[in-house]
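As provided, input-v4.cif (mmCIF, C-alpha atoms) reads as follows.
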data_run
#
loop_
_atom_site.label_atom_id
_atom_site.label_comp_id
_atom_site.auth_asym_id
_atom_site.auth_seq_id
_atom_site.Cartn_x
_atom_site.Cartn_y
_atom_site.Cartn_z
CA MET A 1 -8.74 -23.66 26.70
CA LEU A 2 -5.24 -22.20 26.43
CA ASP A 3 -4.99 -23.50 22.88
CA PHE A 4 -8.25 -21.77 22.02
CA PHE A 5 -6.97 -18.49 23.51
CA LEU A 6 -3.62 -18.66 21.70
CA GLY A 7 -5.35 -19.48 18.42
CA HIS A 8 -7.90 -16.68 18.57
CA TYR A 9 -6.64 -13.67 20.51
CA ALA A 10 -5.27 -11.96 17.36
CA TYR A 11 -8.78 -12.00 15.85
CA TRP A 12 -10.16 -10.31 18.98
CA PHE A 13 -7.66 -7.46 18.70
CA THR A 14 -8.58 -6.85 15.07
CA ILE A 15 -12.28 -6.86 16.03
CA ILE A 16 -11.63 -4.26 18.74
CA LEU A 17 -9.77 -2.11 16.18
CA LEU A 18 -12.69 -2.52 13.76
CA SER A 19 -15.12 -1.36 16.45
CA ILE A 20 -13.01 1.75 17.14
CA GLY A 21 -13.02 2.60 13.43
CA LEU A 22 -16.77 2.04 13.21
CA TYR A 23 -17.28 4.35 16.20
CA GLY A 24 -15.42 7.08 14.34
CA ILE A 25 -17.43 6.59 11.17
CA LEU A 26 -20.87 6.40 12.77
CA PHE A 27 -20.87 8.79 15.72
CA LYS A 28 -18.35 11.58 15.06
CA LYS A 29 -19.69 14.85 13.62
CA ASN A 30 -16.49 16.21 12.09
CA LEU A 31 -15.71 14.89 8.62
CA ILE A 32 -11.94 14.71 9.26
CA LYS A 33 -12.58 12.48 12.27
CA LYS A 34 -14.85 10.30 10.17
CA THR A 35 -12.04 9.88 7.64
CA ILE A 36 -9.57 8.93 10.38
CA GLY A 37 -12.08 6.29 11.52
CA LEU A 38 -12.20 4.96 7.98
CA ALA A 39 -8.40 4.61 7.97
CA ILE A 40 -8.45 2.73 11.30
CA LEU A 41 -11.10 0.34 9.95
CA GLN A 42 -9.01 -0.32 6.85
CA ILE A 43 -5.91 -1.05 8.95
CA SER A 44 -7.92 -3.54 11.01
CA VAL A 45 -8.77 -5.51 7.86
CA VAL A 46 -5.10 -5.47 6.83
CA MET A 47 -4.10 -6.74 10.29
CA TYR A 48 -6.63 -9.58 10.02
CA PHE A 49 -5.28 -10.75 6.66
CA VAL A 50 -1.68 -10.62 7.90
CA SER A 51 -2.61 -12.57 11.02
CA ILE A 52 -4.23 -15.46 9.13
CA ALA A 53 -1.10 -15.89 6.98
CA SER A 54 1.04 -17.04 9.92
CA LYS A 55 2.17 -20.58 10.73
CA TRP A 56 3.90 -21.66 13.91
CA ASP A 57 7.58 -22.64 13.52
CA ALA A 58 7.76 -21.18 10.01
CA THR A 59 10.19 -18.62 8.62
CA VAL A 60 9.64 -15.50 6.52
CA THR A 61 8.96 -15.80 2.80
CA VAL A 62 12.56 -15.33 1.67
CA LEU A 63 14.23 -18.50 0.47
CA ASN A 64 16.61 -19.94 3.07
CA PRO A 65 18.79 -22.99 2.23
CA ASP A 66 18.29 -24.37 5.74
CA PHE A 67 14.54 -24.72 5.15
CA PRO A 68 13.66 -27.00 2.20
CA VAL A 69 10.95 -25.74 -0.12
CA ASP A 70 9.28 -29.13 -0.50
CA GLN A 71 7.73 -28.87 2.95
CA VAL A 72 5.13 -26.11 2.72
CA ALA A 73 4.95 -25.76 6.52
CA ASN A 74 8.44 -24.22 6.56
CA TYR A 75 7.35 -20.89 5.06
CA LEU A 76 4.58 -18.38 5.75
CA ASN A 77 1.81 -18.07 3.19
CA PRO A 78 2.97 -15.37 0.70
CA LEU A 79 -0.40 -14.68 -0.93
CA PRO A 80 -2.08 -12.57 1.85
CA HIS A 81 1.16 -10.63 2.30
CA THR A 82 1.17 -9.65 -1.39
CA LEU A 83 -2.48 -8.65 -1.42
CA MET A 84 -2.08 -6.48 1.68
CA LEU A 85 1.09 -4.87 0.29
CA THR A 86 -0.84 -3.44 -2.62
CA ALA A 87 -3.87 -2.70 -0.43
CA ILE A 88 -1.83 -0.48 1.92
CA VAL A 89 -0.50 1.72 -0.91
CA VAL A 90 -3.92 2.00 -2.53
CA GLY A 91 -5.32 2.89 0.90
CA VAL A 92 -2.87 5.77 1.26
CA ALA A 93 -3.73 7.08 -2.21
CA THR A 94 -7.48 6.91 -1.61
CA LEU A 95 -6.99 8.63 1.76
CA GLY A 96 -5.29 11.43 -0.16
CA VAL A 97 -8.35 11.68 -2.42
CA ALA A 98 -10.62 11.82 0.64
CA PHE A 99 -8.66 14.68 2.19
CA THR A 100 -8.60 16.46 -1.16
CA LEU A 101 -12.38 16.35 -1.32
CA LEU A 102 -12.54 17.63 2.27
CA ILE A 103 -10.31 20.58 1.32
CA ALA A 104 -12.59 21.33 -1.62
CA ILE A 105 -15.64 21.19 0.67
CA TYR A 106 -13.98 23.53 3.15
CA ASN A 107 -13.07 26.00 0.40
CA ARG A 108 -16.70 26.15 -0.73
CA PHE A 109 -18.70 25.99 2.53
CA GLU A 110 -16.10 26.98 5.17
CA THR A 111 -17.17 24.30 7.62
CA LEU A 112 -16.54 20.60 8.11
CA ASP A 113 -19.24 19.90 10.68
CA GLU A 114 -21.84 17.52 9.38
CA GLU A 115 -25.00 19.26 10.62
CA GLU A 116 -23.89 22.75 9.62
CA LEU A 117 -22.97 21.36 6.22
CA ILE A 118 -26.45 19.89 5.70
CA GLU A 119 -28.03 23.24 6.68
CA LYS A 120 -25.82 25.17 4.26
CA ILE A 121 -26.55 22.79 1.40
CA GLN A 122 -30.29 23.21 1.90
CA MET B 1 2.76 27.69 3.03
CA ASN B 2 2.60 31.33 4.05
CA ARG B 3 2.44 31.01 7.85
CA GLN B 4 5.77 29.29 8.14
CA ILE B 5 8.20 29.81 11.01
CA ASP B 6 11.81 29.35 9.98
CA SER B 7 13.65 27.06 12.35
CA PRO B 8 17.29 26.34 11.46
CA ILE B 9 17.53 23.29 13.71
CA VAL B 10 14.59 21.50 12.06
CA LEU B 11 15.93 22.37 8.62
CA LEU B 12 19.41 21.12 9.50
CA GLY B 13 18.05 17.84 10.84
CA ALA B 14 15.93 17.31 7.74
CA ARG B 15 18.85 18.08 5.44
CA LEU B 16 21.03 15.63 7.40
CA LEU B 17 18.50 12.79 7.24
CA SER B 18 17.13 13.19 3.73
CA PRO B 19 20.03 11.78 1.61
CA TYR B 20 20.35 8.67 3.74
CA ILE B 21 16.63 7.96 3.53
CA MET B 22 16.82 8.37 -0.25
CA LEU B 23 19.81 6.00 -0.48
CA PHE B 24 17.97 3.45 1.65
CA GLY B 25 14.93 3.80 -0.61
CA TRP B 26 16.97 2.91 -3.70
CA TYR B 27 18.53 0.02 -1.78
CA VAL B 28 15.09 -1.32 -0.87
CA ILE B 29 13.97 -1.14 -4.52
CA ILE B 30 17.08 -2.74 -6.06
CA HIS B 31 17.63 -5.34 -3.33
CA GLY B 32 13.97 -6.35 -3.22
CA HIS B 33 14.73 -9.70 -4.84
CA TYR B 34 16.83 -10.91 -1.91
CA SER B 35 15.34 -9.26 1.16
CA PRO B 36 11.96 -7.85 2.22
CA GLY B 37 11.31 -4.87 -0.01
CA GLY B 38 10.23 -3.88 -3.46
CA GLY B 39 8.79 -1.06 -5.50
CA PHE B 40 5.98 0.04 -3.19
CA GLN B 41 8.07 0.24 -0.03
CA GLY B 42 11.04 1.83 -1.76
CA GLY B 43 8.83 4.39 -3.49
CA ALA B 44 7.28 5.34 -0.16
CA LEU B 45 10.78 5.82 1.32
CA LEU B 46 11.89 8.01 -1.62
CA ALA B 47 8.75 10.12 -1.22
CA ALA B 48 9.48 10.41 2.53
CA SER B 49 12.97 11.75 1.89
CA LEU B 50 11.68 14.42 -0.50
CA LEU B 51 8.64 15.35 1.63
CA LEU B 52 10.89 15.84 4.67
CA ILE B 53 12.64 18.72 2.90
CA ARG B 54 9.28 20.12 1.76
CA VAL B 55 7.81 20.07 5.27
CA ALA B 56 10.93 21.51 6.92
CA GLY B 57 12.02 24.08 4.33
CA GLY B 58 8.87 25.26 2.62
CA SER B 59 8.01 25.49 -1.05
CA LYS B 60 10.93 27.78 -2.02
CA LEU B 61 13.51 25.20 -1.00
CA ALA B 62 11.46 22.40 -2.55
CA GLU B 63 11.76 24.01 -5.98
CA LEU B 64 15.45 23.16 -5.95
CA GLN B 65 14.70 19.42 -5.72
CA ILE B 66 11.68 18.40 -7.77
CA ARG B 67 9.48 21.17 -9.09
CA GLU B 68 5.77 20.89 -8.84
CA PHE B 69 5.13 20.53 -12.58
CA ALA B 70 7.69 17.70 -12.82
CA THR B 71 5.78 15.25 -10.62
CA THR B 72 3.03 14.43 -13.11
CA PRO B 73 5.47 13.46 -15.93
CA LEU B 74 7.43 11.31 -13.44
CA ALA B 75 4.27 9.41 -12.50
CA VAL B 76 3.44 8.94 -16.18
CA ILE B 77 6.99 7.62 -16.81
CA GLY B 78 6.58 5.10 -14.00
CA VAL B 79 3.27 3.78 -15.34
CA VAL B 80 4.60 3.73 -18.91
CA ILE B 81 7.69 1.69 -17.91
CA TYR B 82 5.37 -0.98 -16.50
CA PHE B 83 2.99 -0.91 -19.46
CA ALA B 84 5.77 -0.89 -22.08
CA THR B 85 7.37 -3.98 -20.52
CA GLY B 86 4.13 -5.86 -20.97
CA LEU B 87 3.58 -4.45 -24.44
CA VAL B 88 7.08 -5.37 -25.67
CA ALA B 89 6.55 -8.92 -24.42
CA MET B 90 3.27 -9.02 -26.32
CA MET B 91 4.86 -7.69 -29.52
CA MET B 92 7.53 -10.39 -29.35
CA GLY B 93 4.93 -13.14 -29.44
CA GLY B 94 4.18 -13.82 -25.79
CA HIS B 95 1.23 -12.88 -23.62
CA PHE B 96 0.83 -9.48 -21.95
CA LEU B 97 3.45 -9.17 -19.16
CA ASP B 98 4.95 -12.56 -20.04
CA TYR B 99 8.62 -11.78 -19.39
CA GLU B 100 9.86 -14.90 -21.20
CA ALA B 101 9.35 -13.13 -24.53
CA LEU B 102 11.44 -10.04 -23.70
CA PRO B 103 14.05 -9.41 -26.45
CA ILE B 104 17.23 -9.81 -24.35
CA PRO B 105 19.59 -12.30 -26.06
CA GLY B 106 21.44 -15.05 -24.24
CA MET B 107 19.27 -15.53 -21.16
CA GLU B 108 17.33 -18.49 -19.85
CA PRO B 109 13.57 -17.95 -19.34
CA ALA B 110 13.94 -17.95 -15.54
CA TRP B 111 16.59 -15.19 -15.61
CA LEU B 112 14.45 -13.23 -18.10
CA ARG B 113 11.66 -13.27 -15.53
CA TYR B 114 14.16 -12.01 -12.93
CA THR B 115 15.08 -9.07 -15.20
CA GLY B 116 11.46 -8.29 -16.00
CA ILE B 117 10.53 -8.15 -12.32
CA LEU B 118 13.44 -5.74 -11.69
CA ILE B 119 12.30 -3.40 -14.49
CA ILE B 120 8.71 -3.19 -13.29
CA GLU B 121 9.83 -2.66 -9.67
CA VAL B 122 11.71 0.47 -10.76
CA GLY B 123 8.58 1.65 -12.59
CA ILE B 124 6.41 1.08 -9.51
CA GLY B 125 8.91 2.93 -7.31
CA LEU B 126 8.99 6.00 -9.58
CA ALA B 127 5.20 6.14 -9.85
CA VAL B 128 4.58 5.78 -6.09
CA MET B 129 7.19 8.46 -5.28
CA ALA B 130 5.81 10.96 -7.79
CA ILE B 131 2.18 10.39 -6.81
CA LEU B 132 2.76 10.83 -3.07
CA ILE B 133 4.62 14.10 -3.73
CA MET B 134 1.86 15.18 -6.12
CA ILE B 135 -0.85 14.60 -3.49
CA TYR B 136 1.10 16.63 -0.90
CA ASP B 137 1.77 19.52 -3.29
CA ASN B 138 -1.81 19.78 -4.43
CA MET B 139 -3.14 19.67 -0.88
CA VAL B 140 -0.83 22.50 0.20
CA ARG B 141 -1.75 24.57 -2.86
CA GLY B 142 -5.47 23.98 -2.31
CA GLU B 143 -5.18 25.16 1.28
CA ASP B 144 -3.34 28.33 0.27
CA TYR B 145 -6.18 29.46 -1.98
CA ALA B 146 -8.89 28.86 0.61
CA MET C 1 -27.19 8.83 24.53
CA LYS C 2 -23.44 8.32 24.78
CA ALA C 3 -24.00 5.09 26.71
CA LEU C 4 -26.32 3.84 23.98
CA LYS C 5 -23.66 4.42 21.33
CA ILE C 6 -21.05 2.53 23.35
CA LEU C 7 -23.58 -0.25 23.98
CA ILE C 8 -24.28 -0.66 20.26
CA LEU C 9 -20.56 -1.01 19.53
CA VAL C 10 -20.00 -3.46 22.39
CA PHE C 11 -22.92 -5.52 21.09
CA PHE C 12 -21.41 -5.48 17.59
CA ALA C 13 -17.98 -6.50 18.91
CA GLY C 14 -19.58 -9.29 20.95
CA ILE C 15 -21.32 -10.71 17.90
CA MET C 16 -18.09 -10.54 15.88
CA ILE C 17 -16.06 -12.23 18.64
CA TYR C 18 -18.71 -14.97 18.94
CA ALA C 19 -18.52 -15.51 15.18
CA SER C 20 -14.71 -15.54 15.22
CA SER C 21 -14.68 -18.49 17.62
CA ASP C 22 -15.57 -20.66 14.63
CA LEU C 23 -12.53 -19.55 12.62
CA PRO C 24 -9.57 -21.96 12.32
CA PHE C 25 -6.77 -21.66 14.86
CA ARG C 26 -4.22 -19.01 13.88
CA GLY C 27 -0.83 -20.43 12.98
CA ASP C 28 -1.90 -24.04 12.72
CA PRO C 29 -0.02 -25.53 9.71
CA ASP C 30 -2.87 -28.00 9.10
CA ASN C 31 -5.32 -25.28 8.13
CA LEU C 32 -7.08 -25.68 4.82
CA MET C 33 -5.53 -22.50 3.42
CA HIS C 34 -2.03 -23.79 4.21
CA ALA C 35 -2.57 -27.28 2.75
CA GLU C 36 -0.96 -28.51 -0.47
CA GLU C 37 -4.21 -29.84 -1.95
CA SER C 38 -7.65 -28.36 -1.50
CA ILE C 39 -10.72 -30.45 -0.73
CA THR C 40 -11.66 -30.68 -4.39
CA GLY C 41 -8.22 -31.93 -5.40
CA THR C 42 -6.81 -28.78 -7.00
CA THR C 43 -3.52 -27.21 -5.87
CA VAL C 44 -3.70 -24.44 -3.27
CA LYS C 45 -2.16 -21.28 -4.73
CA GLY C 46 -0.17 -20.20 -1.66
CA SER C 47 1.59 -23.56 -1.41
CA TYR C 48 2.22 -23.58 -5.17
CA PHE C 49 3.93 -20.17 -4.90
CA ILE C 50 6.16 -21.40 -2.05
CA GLN C 51 7.27 -24.48 -3.94
CA ASN C 52 7.80 -23.02 -7.42
CA ALA C 53 8.79 -19.36 -6.94
CA TYR C 54 12.55 -19.89 -6.99
CA ARG C 55 12.39 -22.40 -9.84
CA ASP C 56 10.32 -20.08 -12.04
CA ALA C 57 12.04 -16.72 -11.53
CA ARG C 58 15.35 -17.36 -9.68
CA THR C 59 14.26 -14.84 -7.03
CA PRO C 60 14.48 -15.84 -3.35
CA ASN C 61 11.83 -13.38 -2.16
CA MET C 62 8.50 -15.09 -2.85
CA VAL C 63 6.39 -12.00 -2.24
CA THR C 64 8.25 -10.19 -5.03
CA VAL C 65 7.64 -13.07 -7.43
CA VAL C 66 3.92 -13.17 -6.63
CA LEU C 67 3.69 -9.38 -6.94
CA GLY C 68 5.69 -9.03 -10.14
CA ASP C 69 5.16 -12.24 -12.03
CA TYR C 70 2.18 -14.38 -11.04
CA ARG C 71 -0.14 -11.48 -10.23
CA SER C 72 1.49 -8.80 -12.39
CA ILE C 73 -1.71 -7.71 -14.12
CA ASP C 74 -3.29 -7.16 -10.70
CA THR C 75 -0.31 -4.99 -9.71
CA PHE C 76 -0.67 -3.02 -12.95
CA GLY C 77 -4.29 -2.34 -12.02
CA GLU C 78 -3.25 -1.12 -8.58
CA GLN C 79 -0.70 1.21 -10.13
CA VAL C 80 -3.32 2.69 -12.45
CA VAL C 81 -5.57 3.19 -9.40
CA ILE C 82 -2.96 5.21 -7.48
CA TYR C 83 -2.14 7.19 -10.64
CA THR C 84 -5.83 8.04 -10.99
CA ALA C 85 -5.92 9.10 -7.34
CA GLY C 86 -3.03 11.51 -7.98
CA LEU C 87 -4.79 12.95 -11.03
CA ILE C 88 -7.99 13.46 -9.00
CA THR C 89 -6.14 15.63 -6.46
CA LEU C 90 -4.67 17.64 -9.33
CA LEU C 91 -8.01 18.22 -11.05
CA VAL C 92 -10.16 18.95 -7.98
CA LEU C 93 -7.83 21.46 -6.37
CA ARG C 94 -6.81 23.29 -9.57
CA ARG C 95 -10.44 24.16 -10.29
CA SER C 96 -10.96 25.64 -6.83
CA LYS C 97 -7.97 27.92 -7.41
CA ARG C 98 -9.42 29.28 -10.64
CA ARG C 99 -12.81 29.95 -9.03
CA SER C 100 -11.31 32.08 -6.24
CA GLU C 101 -9.49 34.39 -8.63
#

Structure re-expressed in structure tokens:
Amino acid sequence: MLDFFLGHYAYWFTIILLSIGLYGILFKKNLIKKTIGLAILQISVVMYFVSIASKWDATVTVLNPDFPVDQVANYLNPLPHTLMLTAIVVGVATLGVAFTLLIAIYNRFETLDEEELIEKIQ
Amino acid sequence: MNRQIDSPIVLLGARLLSPYIMLFGWYVIIHGHYSPGGGFQGGALLAASLLLIRVAGGSKLAELQIREFATTPLAVIGVVIYFATGLVAMMMGGHFLDYEALPIPGMEPAWLRYTGILIIEVGIGLAVMAILIMIYDNMVRGEDYA
Amino acid sequence: MKALKILILVFFAGIMIYASSDLPFRGDPDNLMHAEESITGTTVKGSYFIQNAYRDARTPNMVTVVLGDYRSIDTFGEQVVIYTAGLITLLVLRRSKRRSE
């Protein structure tokens, strides 16, 4: 039972983070708050990928002469780390695009509330 | 930024911190082969050091560092460094981004790959720095004309 | 109404946690994604990168080698994506300035 808890509690935290982000996306009326929820959801996915890359009793992915390379269990898995490294930067850039579009919407309609926005468009 | 309140303490703190953050950013880019780091992280640090001055001192002070029209050419230079490395390798008879074919005499293939990775990391760092500053500048300008 | 929203999210989180109990244990070195050979007999990429990164590029940091050498075309695509994002901010907000004048 303790083994099961130690092996799975990191997944539960990422699922809680994903639920918080989903709450922001689905139920908030303000578009800025929706975008913040989107960012939280994205960070939860990044956390999940980083958490599955870990191995017990392994070192970081920088070559260390004390840990021979032949034994794969000595080093963490470098592939999820690389993918998430690029995903974080792309996430920041796309968040910038999202806020840019929100600024353009505010310049045109002078509101960011969802229901008022739908009324003004119609 | 027209509704700015001048605070000398914030400006002094930003001016004190900014050069050290920039130096650390270059260290992270150049030393990325031997320690955790690389182009993306170092570029984000460089952008942080420049944005700190912009947030604390306003747009007049920011014109002394990197002007607004200079960010787009910097981003283009960063992307072109990366693309040209791959293109030169392709011209010399290798595949695209195959660093073994780079025309540097007297190097083993493994050390050629080392050099190629260093060149593209500098390109990534420049592009990330310029694009983060570009996003900030355009967002401030768009808010001013609301 | 507020309670219903919270209930929907708790239900969603419960389903996800139930599904996650079937995932492999975190940090176990015997996981399939950490093995040297996959079930079909091919080499697993993560283990290949650990074993051959220093020999191929003389760089101790394996993440840098994967980012810059093995997956360099992927990184080039990511860089084009962030460059396009910067251009989008430029184009969208410049037009709004011209309209207000």

Decode the PyMOL selection byres ((chain A) within 8 of (chain C)) for the given file into explicit residues and return them as an MDAnalysis selection string. chainID A and resid 4 6:8 10:12 15:16 19 22:23 27 51:56 61:64 69:70 72:73 75 77:79 81:82 86 89:90 93:94 96:97 100:101 104 107

Residue selection dump (C-alpha atoms) as a PDB file, in the frame of the given file:
ATOM      1  CA  PHE A   4      -8.250 -21.770  22.020  1.00  0.00           C
ATOM      2  CA  LEU A   6      -3.620 -18.660  21.700  1.00  0.00           C
ATOM      3  CA  GLY A   7      -5.350 -19.480  18.420  1.00  0.00           C
ATOM      4  CA  HIS A   8      -7.900 -16.680  18.570  1.00  0.00           C
ATOM      5  CA  ALA A  10      -5.270 -11.960  17.360  1.00  0.00           C
ATOM      6  CA  TYR A  11      -8.780 -12.000  15.850  1.00  0.00           C
ATOM      7  CA  TRP A  12     -10.160 -10.310  18.980  1.00  0.00           C
ATOM      8  CA  ILE A  15     -12.280  -6.860  16.030  1.00  0.00           C
ATOM      9  CA  ILE A  16     -11.630  -4.260  18.740  1.00  0.00           C
ATOM     10  CA  SER A  19     -15.120  -1.360  16.450  1.00  0.00           C
ATOM     11  CA  LEU A  22     -16.770   2.040  13.210  1.00  0.00           C
ATOM     12  CA  TYR A  23     -17.280   4.350  16.200  1.00  0.00           C
ATOM     13  CA  PHE A  27     -20.870   8.790  15.720  1.00  0.00           C
ATOM     14  CA  SER A  51      -2.610 -12.570  11.020  1.00  0.00           C
ATOM     15  CA  ILE A  52      -4.230 -15.460   9.130  1.00  0.00           C
ATOM     16  CA  ALA A  53      -1.100 -15.890   6.980  1.00  0.00           C
ATOM     17  CA  SER A  54       1.040 -17.040   9.920  1.00  0.00           C
ATOM     18  CA  LYS A  55       2.170 -20.580  10.730  1.00  0.00           C
ATOM     19  CA  TRP A  56       3.900 -21.660  13.910  1.00  0.00           C
ATOM     20  CA  THR A  61       8.960 -15.800   2.800  1.00  0.00           C
ATOM     21  CA  VAL A  62      12.560 -15.330   1.670  1.00  0.00           C
ATOM     22  CA  LEU A  63      14.230 -18.500   0.470  1.00  0.00           C
ATOM     23  CA  ASN A  64      16.610 -19.940   3.070  1.00  0.00           C
ATOM     24  CA  VAL A  69      10.950 -25.740  -0.120  1.00  0.00           C
ATOM     25  CA  ASP A  70       9.280 -29.130  -0.500  1.00  0.00           C
ATOM     26  CA  VAL A  72       5.130 -26.110   2.720  1.00  0.00           C
ATOM     27  CA  ALA A  73       4.950 -25.760   6.520  1.00  0.00           C
ATOM     28  CA  TYR A  75       7.350 -20.890   5.060  1.00  0.00           C
ATOM     29  CA  ASN A  77       1.810 -18.070   3.190  1.00  0.00           C
ATOM     30  CA  PRO A  78       2.970 -15.370   0.700  1.00  0.00           C
ATOM     31  CA  LEU A  79      -0.400 -14.680  -0.930  1.00  0.00           C
ATOM     32  CA  HIS A  81       1.160 -10.630   2.300  1.00  0.00           C
ATOM     33  CA  THR A  82       1.170  -9.650  -1.390  1.00  0.00           C
ATOM     34  CA  THR A  86      -0.840  -3.440  -2.620  1.00  0.00           C
ATOM     35  CA  VAL A  89      -0.500   1.720  -0.910  1.00  0.00           C
ATOM     36  CA  VAL A  90      -3.920   2.000  -2.530  1.00  0.00           C
ATOM     37  CA  ALA A  93      -3.730   7.080  -2.210  1.00  0.00           C
ATOM     38  CA  THR A  94      -7.480   6.910  -1.610  1.00  0.00           C
ATOM     39  CA  GLY A  96      -5.290  11.430  -0.160  1.00  0.00           C
ATOM     40  CA  VAL A  97      -8.350  11.680  -2.420  1.00  0.00           C
ATOM     41  CA  THR A 100      -8.600  16.460  -1.160  1.00  0.00           C
ATOM     42  CA  LEU A 101     -12.380  16.350  -1.320  1.00  0.00           C
ATOM     43  CA  ALA A 104     -12.590  21.330  -1.620  1.00  0.00           C
ATOM     44  CA  ASN A 107     -13.070  26.000   0.400  1.00  0.00           C
TER      45      ASN A 107
END

Mind pulling up the distance from atom CA of C:Arg94 to atom CA of B:Phe40? 27.3 Å

Which is closest to chain C among B:Ala110, B:Leu46, B:Ile66, B:Leu132, if we use all atoms listed in the file?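 Between B:Ala110, B:Leu46, B:Ile66, B:Leu132, the residue approaching chain C most closely is B:Ala110.
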
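Going from atom CA of B:Thr71 to atom CA of B:Leu50 covers 11.7 Å.
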
State, in Å with one decimal place, the distance from atom CA of B:Gly25 to atom CA of B:Ile124. 12.6 Å

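Closest approach to chain A among B:Ser35, B:Ser49, B:Gln65, B:Thr72 is made by B:Ser35 (distances from only C-alpha atoms).
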
To verify the selection step, state as a PDB file with C-alpha atoms, keeping the file's coordinate frame which residues the PyMOL selection byres ((chain B and resi 103) around 8) yields on this input.
ATOM      1  CA  ALA B  89       6.550  -8.920 -24.420  1.00  0.00           C
ATOM      2  CA  MET B  92       7.530 -10.390 -29.350  1.00  0.00           C
ATOM      3  CA  ALA B 101       9.350 -13.130 -24.530  1.00  0.00           C
ATOM      4  CA  LEU B 102      11.440 -10.040 -23.700  1.00  0.00           C
ATOM      5  CA  ILE B 104      17.230  -9.810 -24.350  1.00  0.00           C
ATOM      6  CA  PRO B 105      19.590 -12.300 -26.060  1.00  0.00           C
TER       7      PRO B 105
END

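Counting all atoms listed in the file and comparing B:Ile131, B:Val76, B:Leu45, B:Met90, the residue that lies closest to chain A is B:Ile131.
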
Please determine, counting only C-alpha atoms, which residue among C:Gly77, C:Ala57, C:Ser38, C:Tyr70 has the shortest atom-to-atom distance to chain B.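 Ranked by minimum distance to chain B, first place goes to C:Ala57.
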
Show me, as JSON, numbers by chain, the residues of chain B whose atoms get within 9 Å of chain A, using all atoms listed in the file for the distance check. {"B": [33, 34, 35, 36, 40, 41, 44, 128, 131, 132, 135, 136, 138, 139, 142, 143, 145, 146]}

Just the residues within 9 Å of C:Phe76, please, counting all atoms listed in the file, with nothing from its chain fewer than 6 positions along; format it as a PDB file with C-alpha atoms, keeping the file's coordinate frame.
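New file out.pdb:
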ATOM      1  CA  VAL B  79       3.270   3.780 -15.340  1.00  0.00           C
ATOM      2  CA  TYR B  82       5.370  -0.980 -16.500  1.00  0.00           C
ATOM      3  CA  PHE B  83       2.990  -0.910 -19.460  1.00  0.00           C
ATOM      4  CA  ILE B 124       6.410   1.080  -9.510  1.00  0.00           C
TER       5      ILE B 124
END

Let me make sure I understand: among C:Ala3, C:Arg58, C:Leu91, C:Glu37, which one has the smallest atom-to-atom distance to chain B if we use only C-alpha atoms? C:Arg58

Excluding A:Ile25 and its own-chain neighbours fewer than 2 positions away, which residues fall within 9 Å of it when counting all atoms listed in the file? Please give them as a list of chain:residue names.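 Counting only the stated atoms, we get A:Ile20, A:Gly21, A:Leu22, A:Tyr23, A:Phe27, A:Lys28, A:Lys29, A:Leu31, A:Lys33, A:Lys34, A:Thr35, A:Ile36, A:Gly37, A:Leu38, A:Leu41.
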